[in-house]
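K.L.:
I'd like to ask some things about the structure below.
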Amino acid sequence: MKAAPFAVALVLAGLACGVPKTPPVASPEPVVDTVPIGDRYARGRLELLALINEDRSANGAPPVALDSLATVVAQAHAEAMAAEDFFSHYGRGGDSPYERVAEAGGTAHVRENIFRRVERGSDPFASSDPWFEFEIRDAEEWLMASTGHREAIVDPRRTGVGIGIAVDRTRHAVFVVQEFVAQHIDLDAPARGWRRSVTVVRGRVRSTGWRPLVVVLRKEPGERAWVAAGQNPPSGPYPDGEGRAAIVPPWAIEWRPTSRSFELVLPLDRSSSPGRYYGIMYVAPEAVVDGAIGRRLVSSNDGWPGGAFVIDLF
């Protein structure tokens with residue numbers, strides 16, 4: 001008798017952004033604007049991409065493309081969980097999803113879903129491959145049935161998704177990772193900064209009618225307690241940045257409307273402690289930003305993530 005399966009899924013504990021819905025779209029075909037990984041899971045990725053876009057279309061969100069950089073990040077995390085027998089948004093070294101995207105060279109904001117299916121009662125010495133008995137639709141249905149995961153899948157401001165799939169044959173487990181990215185700006189942020197000099201971030205907003213609203217900057221912990229204790233990465237949601245937030249308001253962002261480009265100086269100087277900082281740039285319609293400037297009052301909830309970056313300050 002085939003063993004009864006069970007599945008577990010986790011999702012980012014994201015911030016509500018008050019994002020307006022976009023008009024409904026027709027049922028999409030899989031969208032691939034980059035070269036996918038050519039492994040045995042390639043067809044599964046395309047099948048899952050089609051299911052994701054069907055769910056997005058049914059909820060009035062435009063389709064997302066299969067993002068190659070995010071897929072490399074997702075695949076590496078899926079393989080790490082399968083090989084090292086853990087299930088978490090964090091890697092064993094303490095790296096978060098947004099750190100993994102930044103380390104791969106990405107500047108998109110990410111919301112990560114992870115899923116695991118294990119065949120209970122399976123013979124650990126059996127040679128059967130759990131991938132051959134796995135239906136990729138099971139993962140999407142589980143994730144859509146969970147409020148947090150569903151929010152990431154149908155978020156209308158996501159522009160792409162990375163999909164990772166890996167198998168642990170010893171424990172008869174299949175892991176699926178979804179990295180939903182939002183890339184509304186072309187961001188140029190240094191990977192390193194120095195307290196004795198200014199740290200400048202530049203970029204360009206991709207679409208007309210939008211502009212930078214605010215940058216939210218947080219200092220990451222030097223070492224996570226569970227890493228120091230030699231414990232497994234924790235399960236459950238992860239915060240979108242840790243530590244007290246510093247902000248760069250729109251009136252401190254130099255905006256060039258003709259080219260839709262911008263430049264700003266981060267609040268990092270000699271008084272800042274060295275370490276890793278995670279920044280999210282929110283964008284919003286120009287009228288919203290103009291209103292915030294006029295009131296000298298800004299909230300990230302009035303916009304949506306347009307990009308993100310990680311800087312190591314020395």
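So you can find residues: chains in the structure tokens are A, B, ... in the order shown, residues in each start at 1, and ligands are numbered from 1 in order.
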Per residue of range 208-251 of chain A within 12 Å of range 139-150 of chain A, record the nearest atom pair and its distance in Å to one decimal, counting only C-alpha atoms, with rows in chain order and ascending residue number, as a Markdown table.
P.N.:
| residue | atom | partner | partner_atom | distance |
| --- | --- | --- | --- | --- |
| A:Gly236 | CA | A:Gly148 | CA | 11.2 |
| A:Pro237 | CA | A:Gly148 | CA | 9.1 |
| A:Tyr238 | CA | A:Gly148 | CA | 11.5 |
K.L.:
Take the residues that were just selected and, keeping N, CA, C and O atoms, output them as a PDB file, in the first residue's frame.
P.N.:
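Result file out-v4.pdb:
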ATOM      1  N   GLY A 236       8.891  28.062  10.395  1.00  0.00           N
ATOM      2  CA  GLY A 236       7.992  29.184  10.589  1.00  0.00           C
ATOM      3  C   GLY A 236       8.352  30.359   9.702  1.00  0.00           C
ATOM      4  O   GLY A 236       9.360  30.348   8.989  1.00  0.00           O
ATOM      5  N   PRO A 237       7.532  31.406   9.742  1.00  0.00           N
ATOM      6  CA  PRO A 237       7.764  32.586   8.892  1.00  0.00           C
ATOM      7  C   PRO A 237       9.064  33.297   9.261  1.00  0.00           C
ATOM      8  O   PRO A 237       9.601  33.126  10.353  1.00  0.00           O
ATOM      9  N   TYR A 238       9.541  34.123   8.336  1.00  0.00           N
ATOM     10  CA  TYR A 238      10.730  34.924   8.605  1.00  0.00           C
ATOM     11  C   TYR A 238      10.388  36.401   8.425  1.00  0.00           C
ATOM     12  O   TYR A 238       9.532  36.762   7.623  1.00  0.00           O
TER      13      TYR A 238
END
K.L.:
Would you pick out the contacts of Asp168 in chain A at 7 Å or less, using only C-alpha atoms, so that residues sharing its chain but fewer than 4 positions from it are not included, and give the list as a ChimeraX atom specification?
P.N.:
/A:82-83,172-174
K.L.:
So which one's closest to Thr107 in chain A, A:Asp129, A:Asp186, A:Glu179, A:Glu84? Using only C-alpha atoms, please.
P.N.:
A:Asp186
K.L.:
Just want the 12 Å neighbourhood of Ala42 in chain A, counted on only C-alpha atoms, with same-chain residues fewer than 2 positions away dropped. Output as a list in words.
P.N.:
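Answer for this query is Val32, Val35, Pro36, Ile37, Gly38, Asp39, Arg40, Gly44, Arg45, Leu46, Glu47, Leu48, Leu49, Leu66, Ser68, Thr71, Gln75, Ile136, Gly162, Ile163, Gly164, Ile165 and Ala166 of chain A.
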K.L.:
I want to know what sits within 6 Å of Lys219 in chain A, based on only C-alpha atoms, with residues of the same chain fewer than 2 positions away left out; could you give that as number ranges by chain?
P.N.:
A: 243, 276-277
K.L.:
Determine the nearest neighbour of Ala191 in chain A from the options A:Ala102, A:Ile293, A:Ala58, A:Leu69, counting only C-alpha atoms.
P.N.:
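Ranked by minimum distance to Ala191 in chain A, first place goes to A:Ala102.
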K.L.:
Pick the closest to Pro249 in chain A from A:Leu217, A:Val118, A:Leu313, A:Ala228: which is it, counting only C-alpha atoms?
P.N.:
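Residue with the minimum atom-to-atom distance to Pro249 in chain A: A:Leu217.
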K.L.:
Residues of range 74-112 of chain A in strand (DSSP E) according to DSSP, as a PyMOL selection string?
P.N.:
chain A and resi 109-112
K.L.:
For the residues in that selection, give me N, CA and C atoms as an mmCIF file, in the first residue's frame.
P.N.:
data_model
loop_
_atom_site.group_PDB
_atom_site.id
_atom_site.type_symbol
_atom_site.label_atom_id
_atom_site.label_comp_id
_atom_site.auth_asym_id
_atom_site.auth_seq_id
_atom_site.Cartn_x
_atom_site.Cartn_y
_atom_site.Cartn_z
ATOM 1 N N HIS A 109 13.151 42.600 -4.765
ATOM 2 C CA HIS A 109 12.578 42.242 -3.466
ATOM 3 C C HIS A 109 11.972 40.848 -3.597
ATOM 4 N N VAL A 110 12.134 40.011 -2.562
ATOM 5 C CA VAL A 110 11.714 38.618 -2.665
ATOM 6 C C VAL A 110 10.748 38.246 -1.553
ATOM 7 N N ARG A 111 9.771 37.425 -1.905
ATOM 8 C CA ARG A 111 8.896 36.746 -0.949
ATOM 9 C C ARG A 111 9.003 35.263 -1.252
ATOM 10 N N GLU A 112 9.412 34.493 -0.257
ATOM 11 C CA GLU A 112 9.712 33.076 -0.471
ATOM 12 C C GLU A 112 8.638 32.167 0.113
#
K.L.:
From the options A:Trp194, A:Phe87, A:Phe309, A:Trp251, which residue's atoms come nearest to Gly275 in chain A, counting only C-alpha atoms?
P.N.:
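So, comparing all the options, the nearest one is A:Trp194.
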K.L.:
Show me, as a list of chain:residue names, the residues that have an atom within 8 Å of Gly306 in chain A when counting only C-alpha atoms, minus same-chain residues fewer than 2 positions from it.
P.N.:
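Close residues of Gly306 in chain A: A:Ala108, A:His109, A:Ala182, A:Gln183, A:His184, A:Ile185, A:Ile280, A:Met281, A:Tyr282, A:Val283, A:Trp304, A:Ala308.
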K.L.:
List every residue of range 86-248 of chain A that DSSP, applied to the backbone, labels as helix (DSSP H, G or I), and write the result as a count of residues only.
P.N.:
32
K.L.:
Find, counting only C-alpha atoms, the residue in A:Val72, A:Val310, A:Ala287, A:Leu266 that gets nearest to Gly241 in chain A.
P.N.:
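With only C-alpha atoms as the atom set, the closest residue is A:Val310.
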K.L.:
Using only C-alpha atoms, find the one residue out of A:Asp85, A:Asp95, A:Glu223, A:Glu242 that sits nearest to Thr170 in chain A.
P.N.:
A:Asp85
K.L.:
Figure out the distance between CA of Thr208 in chain A and CA of Pro267 in chain A, please, to one decimal in Å.
P.N.:
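Taking CA of Pro267 in chain A as the start and CA of Thr208 in chain A as the end point, the length is 27.7 Å.
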K.L.:
Just how far from CA of Pro234 in chain A is CA of Gly94 in chain A, in Å to one decimal?
P.N.:
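Rounded to one decimal, the two atoms are 9.8 Å apart.
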K.L.:
Report, in Å to a single decimal, how far apart CA of Gly106 in chain A and CA of Met81 in chain A are.
P.N.:
21.5 Å
